[in-house]
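What follows is the content of work-v6.cif (mmCIF, C-alpha atoms; chains and numbers go by the auth columns).
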```cif
data_upload
#
loop_
_atom_site.group_PDB
_atom_site.id
_atom_site.type_symbol
_atom_site.label_atom_id
_atom_site.label_comp_id
_atom_site.label_asym_id
_atom_site.label_seq_id
_atom_site.Cartn_x
_atom_site.Cartn_y
_atom_site.Cartn_z
_atom_site.B_iso_or_equiv
_atom_site.auth_seq_id
_atom_site.auth_asym_id
ATOM 1 C CA MET A 1 -7.699 -29.115 13.513 0.00 93 Z
ATOM 2 C CA THR A 2 -5.464 -26.141 14.261 0.00 94 Z
ATOM 3 C CA THR A 3 -4.901 -23.824 11.324 0.00 95 Z
ATOM 4 C CA VAL A 4 -1.522 -22.183 10.784 0.00 96 Z
ATOM 5 C CA PRO A 5 -1.397 -18.710 9.199 0.00 97 Z
ATOM 6 C CA PHE A 6 1.098 -18.282 6.380 0.00 98 Z
ATOM 7 C CA VAL A 7 2.187 -15.814 3.729 0.00 99 Z
ATOM 8 C CA ARG A 8 1.379 -16.710 0.132 0.00 100 Z
ATOM 9 C CA PRO A 9 1.088 -15.010 -3.262 0.00 101 Z
ATOM 10 C CA TYR A 10 -2.068 -13.060 -3.982 0.00 102 Z
ATOM 11 C CA ARG A 11 -4.843 -14.835 -5.889 0.00 103 Z
ATOM 12 C CA ASP A 12 -7.649 -13.163 -7.846 0.00 104 Z
ATOM 13 C CA SER A 13 -10.128 -14.642 -5.368 0.00 105 Z
ATOM 14 C CA ASP A 14 -8.463 -12.560 -2.608 0.00 106 Z
ATOM 15 C CA ARG A 15 -9.551 -9.258 -4.171 0.00 107 Z
ATOM 16 C CA PRO A 16 -12.696 -8.720 -1.991 0.00 108 Z
ATOM 17 C CA ALA A 17 -10.714 -9.514 1.165 0.00 109 Z
ATOM 18 C CA VAL A 18 -7.912 -7.147 0.154 0.00 110 Z
ATOM 19 C CA ALA A 19 -10.487 -4.393 -0.416 0.00 111 Z
ATOM 20 C CA ASP A 20 -12.058 -5.037 2.995 0.00 112 Z
ATOM 21 C CA ILE A 21 -8.667 -4.966 4.740 0.00 113 Z
ATOM 22 C CA CYS A 22 -7.840 -1.701 2.991 0.00 114 Z
ATOM 23 C CA VAL A 23 -11.072 -0.068 4.172 0.00 115 Z
ATOM 24 C CA ARG A 24 -10.711 -1.368 7.725 0.00 116 Z
ATOM 25 C CA THR A 25 -7.166 -0.029 8.111 0.00 117 Z
ATOM 26 C CA ALA A 26 -7.126 3.124 5.950 0.00 118 Z
ATOM 27 C CA LEU A 27 -7.880 5.723 8.638 0.00 119 Z
ATOM 28 C CA ASN A 28 -4.651 5.988 10.652 0.00 120 Z
ATOM 29 C CA GLY A 29 -4.666 2.210 10.911 0.00 121 Z
ATOM 30 C CA GLY A 30 -8.384 2.006 11.767 0.00 122 Z
ATOM 31 C CA ASP A 31 -11.717 1.609 9.984 0.00 123 Z
ATOM 32 C CA SER A 32 -12.235 4.329 7.371 0.00 124 Z
ATOM 33 C CA SER A 33 -15.819 3.512 6.375 0.00 125 Z
ATOM 34 C CA SER A 34 -17.373 6.242 8.537 0.00 126 Z
ATOM 35 C CA VAL A 35 -15.265 8.908 6.803 0.00 127 Z
ATOM 36 C CA TYR A 36 -15.293 7.472 3.272 0.00 128 Z
ATOM 37 C CA PRO A 37 -18.759 5.913 2.814 0.00 129 Z
ATOM 38 C CA ASP A 38 -17.977 4.532 -0.646 0.00 130 Z
ATOM 39 C CA ARG A 39 -16.120 1.367 0.337 0.00 131 Z
ATOM 40 C CA GLU A 40 -14.540 1.101 -3.108 0.00 132 Z
ATOM 41 C CA LEU A 41 -12.797 4.482 -2.958 0.00 133 Z
ATOM 42 C CA MET A 42 -9.792 3.627 -0.793 0.00 134 Z
ATOM 43 C CA PRO A 43 -9.059 0.293 -2.518 0.00 135 Z
ATOM 44 C CA THR A 44 -9.327 2.056 -5.882 0.00 136 Z
ATOM 45 C CA ILE A 45 -6.476 4.358 -4.823 0.00 137 Z
ATOM 46 C CA PHE A 46 -4.304 2.204 -2.579 0.00 138 Z
ATOM 47 C CA ALA A 47 -4.919 -1.470 -3.408 0.00 139 Z
ATOM 48 C CA TYR A 48 -6.506 -2.308 -6.752 0.00 140 Z
ATOM 49 C CA PRO A 49 -3.871 -0.547 -8.902 0.00 141 Z
ATOM 50 C CA TYR A 50 -1.166 -2.804 -7.447 0.00 142 Z
ATOM 51 C CA LEU A 51 -3.256 -5.919 -7.987 0.00 143 Z
ATOM 52 C CA GLU A 52 -3.805 -4.907 -11.601 0.00 144 Z
ATOM 53 C CA LEU A 53 -0.390 -3.487 -12.508 0.00 145 Z
ATOM 54 C CA GLU A 54 2.064 -5.527 -10.389 0.00 146 Z
ATOM 55 C CA PRO A 55 0.207 -8.612 -9.116 0.00 147 Z
ATOM 56 C CA GLU A 56 3.435 -10.629 -8.962 0.00 148 Z
ATOM 57 C CA LEU A 57 4.564 -8.494 -6.008 0.00 149 Z
ATOM 58 C CA ALA A 58 1.274 -8.845 -4.100 0.00 150 Z
ATOM 59 C CA HIS A 59 1.228 -11.258 -1.153 0.00 151 Z
ATOM 60 C CA VAL A 60 -1.334 -11.941 1.543 0.00 152 Z
ATOM 61 C CA LEU A 61 -1.384 -13.366 5.027 0.00 153 Z
ATOM 62 C CA ASP A 62 -3.643 -16.415 4.846 0.00 154 Z
ATOM 63 C CA ASP A 63 -5.393 -17.238 8.136 0.00 155 Z
ATOM 64 C CA GLY A 64 -4.780 -20.918 7.458 0.00 156 Z
ATOM 65 C CA GLY A 65 -8.262 -21.442 6.078 0.00 157 Z
ATOM 66 C CA GLY A 66 -7.890 -19.622 2.796 0.00 158 Z
ATOM 67 C CA ARG A 67 -8.964 -16.146 3.958 0.00 159 Z
ATOM 68 C CA ALA A 68 -6.650 -13.167 3.499 0.00 160 Z
ATOM 69 C CA VAL A 69 -6.319 -11.173 6.733 0.00 161 Z
ATOM 70 C CA GLY A 70 -3.410 -8.967 5.695 0.00 162 Z
ATOM 71 C CA TYR A 71 -1.485 -8.013 2.603 0.00 163 Z
ATOM 72 C CA ILE A 72 1.611 -6.354 1.226 0.00 164 Z
ATOM 73 C CA LEU A 73 1.567 -4.664 -2.173 0.00 165 Z
ATOM 74 C CA GLY A 74 4.442 -3.109 -4.028 0.00 166 Z
ATOM 75 C CA ALA A 75 5.810 -1.456 -7.122 0.00 167 Z
ATOM 76 C CA ALA A 76 9.384 -2.165 -8.189 0.00 168 Z
ATOM 77 C CA ASP A 77 9.845 1.094 -10.107 0.00 169 Z
ATOM 78 C CA THR A 78 7.797 3.988 -8.730 0.00 170 Z
ATOM 79 C CA PRO A 79 8.085 6.378 -11.705 0.00 171 Z
ATOM 80 C CA ARG A 80 7.083 3.579 -14.082 0.00 172 Z
ATOM 81 C CA PHE A 81 4.210 2.617 -11.787 0.00 173 Z
ATOM 82 C CA ALA A 82 2.977 6.222 -11.634 0.00 174 Z
ATOM 83 C CA ASP A 83 3.049 6.385 -15.431 0.00 175 Z
ATOM 84 C CA ARG A 84 1.095 3.140 -15.769 0.00 176 Z
ATOM 85 C CA PHE A 85 -1.321 4.351 -13.078 0.00 177 Z
ATOM 86 C CA ARG A 86 -1.952 7.425 -15.238 0.00 178 Z
ATOM 87 C CA THR A 87 -2.261 5.663 -18.577 0.00 179 Z
ATOM 88 C CA ARG A 88 -3.761 2.275 -17.658 0.00 180 Z
ATOM 89 C CA TRP A 89 -5.465 2.422 -14.263 0.00 181 Z
ATOM 90 C CA LEU A 90 -6.947 5.907 -14.060 0.00 182 Z
ATOM 91 C CA PRO A 91 -8.921 5.698 -17.325 0.00 183 Z
ATOM 92 C CA SER A 92 -10.674 2.582 -16.003 0.00 184 Z
ATOM 93 C CA VAL A 93 -12.008 4.328 -12.871 0.00 185 Z
ATOM 94 C CA ALA A 94 -12.261 8.020 -13.801 0.00 186 Z
ATOM 95 C CA ASP A 95 -15.930 7.786 -14.788 0.00 187 Z
ATOM 96 C CA ARG A 96 -16.852 6.545 -11.312 0.00 188 Z
ATOM 97 C CA TYR A 97 -14.467 8.949 -9.584 0.00 189 Z
ATOM 98 C CA PRO A 98 -14.181 12.133 -11.677 0.00 190 Z
ATOM 99 C CA ARG A 99 -11.636 14.737 -10.686 0.00 191 Z
ATOM 100 C CA PRO A 100 -13.200 17.184 -8.174 0.00 192 Z
ATOM 101 C CA ALA A 101 -13.995 20.599 -9.601 0.00 193 Z
ATOM 102 C CA GLY A 102 -12.085 23.151 -7.561 0.00 194 Z
ATOM 103 C CA ALA A 103 -10.725 22.601 -4.079 0.00 195 Z
ATOM 104 C CA PRO A 104 -11.910 19.361 -2.415 0.00 196 Z
ATOM 105 C CA GLY A 105 -14.791 20.011 -0.033 0.00 197 Z
ATOM 106 C CA THR A 106 -15.047 16.612 1.650 0.00 198 Z
ATOM 107 C CA PRO A 107 -12.615 13.880 2.740 0.00 199 Z
ATOM 108 C CA SER A 108 -13.801 11.742 -0.170 0.00 200 Z
ATOM 109 C CA GLU A 109 -13.113 14.535 -2.632 0.00 201 Z
ATOM 110 C CA ALA A 110 -9.637 14.999 -1.155 0.00 202 Z
ATOM 111 C CA MET A 111 -8.916 11.310 -1.708 0.00 203 Z
ATOM 112 C CA THR A 112 -10.343 11.442 -5.215 0.00 204 Z
ATOM 113 C CA ALA A 113 -7.959 14.306 -5.956 0.00 205 Z
ATOM 114 C CA LEU A 114 -5.091 12.004 -4.903 0.00 206 Z
ATOM 115 C CA LEU A 115 -6.405 9.349 -7.276 0.00 207 Z
ATOM 116 C CA HIS A 116 -6.053 11.836 -10.135 0.00 208 Z
ATOM 117 C CA ASP A 117 -2.493 12.771 -9.163 0.00 209 Z
ATOM 118 C CA PRO A 118 -0.313 9.650 -9.399 0.00 210 Z
ATOM 119 C CA GLU A 119 2.696 11.859 -10.082 0.00 211 Z
ATOM 120 C CA ARG A 120 2.621 12.752 -6.356 0.00 212 Z
ATOM 121 C CA MET A 121 4.441 9.447 -5.840 0.00 213 Z
ATOM 122 C CA VAL A 122 7.500 10.631 -7.761 0.00 214 Z
ATOM 123 C CA LEU A 123 9.820 12.862 -5.742 0.00 215 Z
ATOM 124 C CA PRO A 124 13.545 13.476 -6.338 0.00 216 Z
ATOM 125 C CA GLU A 125 14.353 12.651 -2.713 0.00 217 Z
ATOM 126 C CA LEU A 126 12.933 9.154 -3.257 0.00 218 Z
ATOM 127 C CA GLU A 127 15.108 8.285 -6.261 0.00 219 Z
ATOM 128 C CA PRO A 128 17.567 6.242 -4.146 0.00 220 Z
ATOM 129 C CA TYR A 129 14.560 4.123 -3.046 0.00 221 Z
ATOM 130 C CA PRO A 130 12.939 3.225 -6.391 0.00 222 Z
ATOM 131 C CA ALA A 131 10.406 0.689 -5.105 0.00 223 Z
ATOM 132 C CA HIS A 132 7.536 1.417 -2.734 0.00 224 Z
ATOM 133 C CA LEU A 133 5.083 -0.630 -0.709 0.00 225 Z
ATOM 134 C CA HIS A 134 1.777 -0.703 1.143 0.00 226 Z
ATOM 135 C CA ILE A 135 1.180 -3.150 3.998 0.00 227 Z
ATOM 136 C CA ASP A 136 -1.980 -3.622 6.070 0.00 228 Z
ATOM 137 C CA LEU A 137 -3.126 -6.220 8.589 0.00 229 Z
ATOM 138 C CA LEU A 138 -6.473 -6.561 10.316 0.00 230 Z
ATOM 139 C CA PRO A 139 -6.116 -5.632 14.013 0.00 231 Z
ATOM 140 C CA PRO A 140 -6.306 -9.177 15.459 0.00 232 Z
ATOM 141 C CA TRP A 141 -3.315 -10.130 13.304 0.00 233 Z
ATOM 142 C CA GLN A 142 -1.105 -7.206 14.235 0.00 234 Z
ATOM 143 C CA GLY A 143 1.773 -7.447 16.696 0.00 235 Z
ATOM 144 C CA ARG A 144 2.303 -11.147 16.076 0.00 236 Z
ATOM 145 C CA GLY A 145 5.213 -11.121 13.638 0.00 237 Z
ATOM 146 C CA PHE A 146 3.091 -11.415 10.515 0.00 238 Z
ATOM 147 C CA GLY A 147 3.856 -7.882 9.343 0.00 239 Z
ATOM 148 C CA ARG A 148 7.558 -8.678 9.489 0.00 240 Z
ATOM 149 C CA ALA A 149 6.985 -11.880 7.497 0.00 241 Z
ATOM 150 C CA LEU A 150 5.043 -10.006 4.817 0.00 242 Z
ATOM 151 C CA THR A 151 7.692 -7.294 4.603 0.00 243 Z
ATOM 152 C CA HIS A 152 10.541 -9.749 4.257 0.00 244 Z
ATOM 153 C CA THR A 153 8.618 -11.563 1.523 0.00 245 Z
ATOM 154 C CA LEU A 154 8.400 -8.372 -0.514 0.00 246 Z
ATOM 155 C CA LEU A 155 12.000 -7.373 0.212 0.00 247 Z
ATOM 156 C CA ASP A 156 13.141 -10.759 -1.084 0.00 248 Z
ATOM 157 C CA ALA A 157 11.012 -10.418 -4.229 0.00 249 Z
ATOM 158 C CA LEU A 158 12.377 -6.948 -4.938 0.00 250 Z
ATOM 159 C CA ARG A 159 15.966 -8.020 -4.328 0.00 251 Z
ATOM 160 C CA VAL A 160 15.580 -10.873 -6.827 0.00 252 Z
ATOM 161 C CA ARG A 161 14.516 -8.251 -9.368 0.00 253 Z
ATOM 162 C CA GLY A 162 17.658 -6.250 -8.691 0.00 254 Z
ATOM 163 C CA VAL A 163 15.905 -3.504 -6.707 0.00 255 Z
ATOM 164 C CA GLU A 164 18.228 -2.291 -3.969 0.00 256 Z
ATOM 165 C CA ALA A 165 15.942 -0.069 -1.860 0.00 257 Z
ATOM 166 C CA VAL A 166 12.281 0.586 -1.098 0.00 258 Z
ATOM 167 C CA HIS A 167 10.253 3.376 0.472 0.00 259 Z
ATOM 168 C CA LEU A 168 6.806 3.965 1.884 0.00 260 Z
ATOM 169 C CA CYS A 169 4.625 6.911 2.788 0.00 261 Z
ATOM 170 C CA MET A 170 2.676 6.858 6.041 0.00 262 Z
ATOM 171 C CA VAL A 171 0.420 9.201 7.980 0.00 263 Z
ATOM 172 C CA ARG A 172 2.190 10.628 11.018 0.00 264 Z
ATOM 173 C CA ALA A 173 -0.873 10.076 13.208 0.00 265 Z
ATOM 174 C CA ASN A 174 -0.414 6.311 12.949 0.00 266 Z
ATOM 175 C CA THR A 175 2.297 6.110 15.600 0.00 267 Z
ATOM 176 C CA PRO A 176 2.093 2.319 16.142 0.00 268 Z
ATOM 177 C CA ALA A 177 2.901 1.827 12.461 0.00 269 Z
ATOM 178 C CA ARG A 178 5.933 4.108 12.750 0.00 270 Z
ATOM 179 C CA ALA A 179 7.259 1.998 15.614 0.00 271 Z
ATOM 180 C CA PHE A 180 6.753 -1.123 13.498 0.00 272 Z
ATOM 181 C CA TYR A 181 8.688 0.334 10.567 0.00 273 Z
ATOM 182 C CA ASP A 182 11.467 1.537 12.848 0.00 274 Z
ATOM 183 C CA ARG A 183 11.912 -1.996 14.158 0.00 275 Z
ATOM 184 C CA LEU A 184 12.188 -3.251 10.570 0.00 276 Z
ATOM 185 C CA GLY A 185 15.015 -0.861 9.796 0.00 277 Z
ATOM 186 C CA PHE A 186 13.141 1.839 7.900 0.00 278 Z
ATOM 187 C CA ARG A 187 14.542 5.329 8.372 0.00 279 Z
ATOM 188 C CA GLU A 188 13.051 8.725 7.665 0.00 280 Z
ATOM 189 C CA ILE A 189 13.755 10.290 4.273 0.00 281 Z
ATOM 190 C CA ALA A 190 14.001 14.064 4.305 0.00 282 Z
ATOM 191 C CA VAL A 191 11.374 15.487 1.945 0.00 283 Z
ATOM 192 C CA PRO A 192 10.606 19.235 1.835 0.00 284 Z
ATOM 193 C CA ASP A 193 7.143 20.141 3.146 0.00 285 Z
ATOM 194 C CA PRO A 194 5.880 16.563 3.473 0.00 286 Z
ATOM 195 C CA GLY A 195 2.655 17.600 5.188 0.00 287 Z
ATOM 196 C CA PRO A 196 1.020 15.101 7.580 0.00 288 Z
ATOM 197 C CA VAL A 197 3.106 12.159 6.375 0.00 289 Z
ATOM 198 C CA TRP A 198 6.496 10.568 6.793 0.00 290 Z
ATOM 199 C CA TYR A 199 8.537 9.029 3.998 0.00 291 Z
ATOM 200 C CA LEU A 200 10.582 6.080 5.202 0.00 292 Z
ATOM 201 C CA GLY A 201 13.076 3.930 3.332 0.00 293 Z
ATOM 202 C CA ARG A 202 15.470 1.040 3.681 0.00 294 Z
ATOM 203 C CA SER A 203 17.633 -1.343 1.695 0.00 295 Z
ATOM 204 C CA THR A 204 16.059 -4.544 0.403 0.00 296 Z
ATOM 205 C CA ALA A 205 19.013 -6.490 1.840 0.00 297 Z
ATOM 206 C CA ARG A 206 18.242 -8.622 4.883 0.00 298 Z
#
```
Just dump the structure as structure tokens.
Amino acid sequence: MTTVPFVRPYRDSDRPAVADICVRTALNGGDSSSVYPDRELMPTIFAYPYLELEPELAHVLDDGGGRAVGYILGAADTPRFADRFRTRWLPSVADRYPRPAGAPGTPSEAMTALLHDPERMVLPELEPYPAHLHIDLLPPWQGRGFGRALTHTLLDALRVRGVEAVHLCMVRANTPARAFYDRLGFREIAVPDPGPVWYLGRSTAR
């Protein structure tokens, strides 16, 4: 029997697969496990908070057999999400990932410092784009239209909630991802001193 991949809402049973996808795509679109040996670190920053705080916006690409092979996660109101990250999510993980003392000395410490700074998500230049998203697909599922399907699913969900625009932050080194976002109508948002990242935004309208 031929299985047909499809986009569906996230289920609690998808959590291990979402974590694995996050790890396998978190280093400029590639596997991050050689740089961040604790495989829970990246999901703790970039995936789990969305599953806990805004699960209704989380969707996965199902391979047709029940396994998640991609996901899109979002927050409808970034300042509110950052506040809930600070007050609800961070206390639950701070014992495992304490704030580094002094300047980070390793890649893992640099990421842990990001974990302890959710306010980094709130910039005045992003106010016209109140929602934000994260999308990741395992390599065999990229370039096949599934990323577009996931993105449109989230755009529709945000639009129903009255959210008119969304943004994302991406590492500049991941040039294939930039091309993907360009094709979907995302445009660069000018942010002073953005460092090694781009901020991109677009309307939630189709």
The PyMOL selection byres ((chain Z and resi 181) around 12) resolved against shown file, as a list in words: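 When the PyMOL selection byres ((chain Z and resi 181) around 12) is applied to the shown file, the picked residues are Thr136, Ile137, Phe138, Ala139, Tyr140, Pro141, Tyr142, Leu143, Glu144, Leu145, Glu146, Phe173, Ala174, Asp175, Arg176, Phe177, Arg178, Thr179, Arg180, Leu182, Pro183, Ser184, Val185, Ala186, Asp187, Leu207, His208, Asp209 and Pro210 of chain Z.
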- Kindly give the distance, in Å, that separates atom CA of Ala118 of chain Z and atom CA of Arg264 of chain Z, rounded to a single decimal.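 Separation of atom CA of Ala118 of chain Z and atom CA of Arg264 of chain Z: 13.0 Å.
We find atom CA of Met262 of chain Z and atom CA of Gly156 of chain Z to be spaced 28.8 Å apart.
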| Any idea what the distance is between atom CA of Ala223 of chain Z and atom CA of Arg270 of chain Z? |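 Rounded to one decimal, the two atoms are 18.7 Å apart.
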| Result set, the PyMOL selection byres ((chain Z and resi 191) around 8) on current file, as number ranges by chain | Z: 186, 189-190, 192-193, 204-205, 208
Each residue of segment 132-225 of chain Z with at least one atom at most 6 Å from segment 94-102 of chain Z should appear once, together with its nearest atom pair and the corresponding distance in Å (one decimal); atoms considered: all atoms listed in the file; ordering: chain, then increasing residue number; output as a tab-separated table.
```
residue	atom	partner	partner_atom	distance
Z:Ala150	CA	Z:Tyr102	CA	5.4
Z:His151	CA	Z:Pro101	CA	4.3
Z:Val152	CA	Z:Arg100	CA	5.7
Z:Leu153	CA	Z:Val99	CA	4.5
Z:Asp154	CA	Z:Phe98	CA	5.3
Z:Asp155	CA	Z:Pro97	CA	4.4
Z:Gly156	CA	Z:Pro97	CA	4.4
```
Please, could you write that set of residues out with C-alpha atoms as a CSV table (one decimal), in the frame of the given file?
```csv
chain,number,residue,atom,x,y,z
Z,150,ALA,CA,1.3,-8.8,-4.1
Z,151,HIS,CA,1.2,-11.3,-1.2
Z,152,VAL,CA,-1.3,-11.9,1.5
Z,153,LEU,CA,-1.4,-13.4,5.0
Z,154,ASP,CA,-3.6,-16.4,4.8
Z,155,ASP,CA,-5.4,-17.2,8.1
Z,156,GLY,CA,-4.8,-20.9,7.5
```
Which residues, named as in the file, does the PyMOL selection byres ((chain Z and resi 248) around 12) pick out? Answer as a list in words.
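Written out, the selection comes to Leu149, His151, Gly166, Ala168, Ala241, Leu242, Thr243, His244, Thr245, Leu246, Leu247, Ala249, Leu250, Arg251, Val252, Arg253, Gly254, Val255, Glu256, Ala257, Val258, Ser295, Thr296, Ala297 and Arg298 of chain Z.
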Output file for the residues above (C-alpha atoms, as a short mmCIF file (atom, residue, chain, number, x, y, z; two decimals), keeping the file's coordinate frame):
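File produced: selection_4.cif:
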```
data_model
loop_
_atom_site.label_atom_id
_atom_site.label_comp_id
_atom_site.auth_asym_id
_atom_site.auth_seq_id
_atom_site.Cartn_x
_atom_site.Cartn_y
_atom_site.Cartn_z
CA LEU Z 149 4.56 -8.49 -6.01
CA HIS Z 151 1.23 -11.26 -1.15
CA GLY Z 166 4.44 -3.11 -4.03
CA ALA Z 168 9.38 -2.16 -8.19
CA ALA Z 241 6.98 -11.88 7.50
CA LEU Z 242 5.04 -10.01 4.82
CA THR Z 243 7.69 -7.29 4.60
CA HIS Z 244 10.54 -9.75 4.26
CA THR Z 245 8.62 -11.56 1.52
CA LEU Z 246 8.40 -8.37 -0.51
CA LEU Z 247 12.00 -7.37 0.21
CA ALA Z 249 11.01 -10.42 -4.23
CA LEU Z 250 12.38 -6.95 -4.94
CA ARG Z 251 15.97 -8.02 -4.33
CA VAL Z 252 15.58 -10.87 -6.83
CA ARG Z 253 14.52 -8.25 -9.37
CA GLY Z 254 17.66 -6.25 -8.69
CA VAL Z 255 15.90 -3.50 -6.71
CA GLU Z 256 18.23 -2.29 -3.97
CA ALA Z 257 15.94 -0.07 -1.86
CA VAL Z 258 12.28 0.59 -1.10
CA SER Z 295 17.63 -1.34 1.70
CA THR Z 296 16.06 -4.54 0.40
CA ALA Z 297 19.01 -6.49 1.84
CA ARG Z 298 18.24 -8.62 4.88
#
```
Best match for closeness to Tyr291 of chain Z among Z:Arg240, Z:Arg275, Z:His224, Z:Arg131, counting all atoms listed in the file: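 Counting all atoms listed in the file, the residue closest to Tyr291 of chain Z is Z:His224.
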**Report entry** Among listed residues Z:Asp123, Z:Glu132, Z:Glu280, Z:Glu148, nearest Ala167 of chain Z (using only C-alpha atoms)
**Finding:**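 Looking at the shortest contact to Ala167 of chain Z, the residue is Z:Glu148.
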If you count only C-alpha atoms, the residue of Z:Val115, Z:Val214, Z:Ile227, Z:Ala271 closest to Asp169 of chain Z turns out to be Z:Val214
Across Z:Val263, Z:Met213, Z:Leu119, Z:Leu292, the smallest distance to Leu276 of chain Z, with only C-alpha atoms counted, is shown by Z:Leu292
Using only C-alpha atoms: which of Z:Arg159, Z:Ala265, Z:Asp274, Z:Tyr128 has the shortest distance to Pro288 of chain Z: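 Using only C-alpha atoms, the shortest distance to Pro288 of chain Z belongs to Z:Ala265.
With distances restricted to all atoms listed in the file, Z:Pro147 is the closest residue to Arg103 of chain Z from Z:Pro147, Z:Gly122, Z:Leu218, Z:Gln234.
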Could you list, with a cut-off of 12 Å and counting only C-alpha atoms, the residues of segment 163-188 of chain Z near segment 228-231 of chain Z, each shown with its nearest atom pair and the distance in Å rounded to one decimal, rows sorted by chain and ascending number, as JSON lines?
```
{"residue": "Z:Tyr163", "atom": "CA", "partner": "Z:Asp228", "partner_atom": "CA", "distance": 5.6}
{"residue": "Z:Ile164", "atom": "CA", "partner": "Z:Asp228", "partner_atom": "CA", "distance": 6.6}
{"residue": "Z:Leu165", "atom": "CA", "partner": "Z:Asp228", "partner_atom": "CA", "distance": 9.0}
{"residue": "Z:Gly166", "atom": "CA", "partner": "Z:Asp228", "partner_atom": "CA", "distance": 12.0}
```
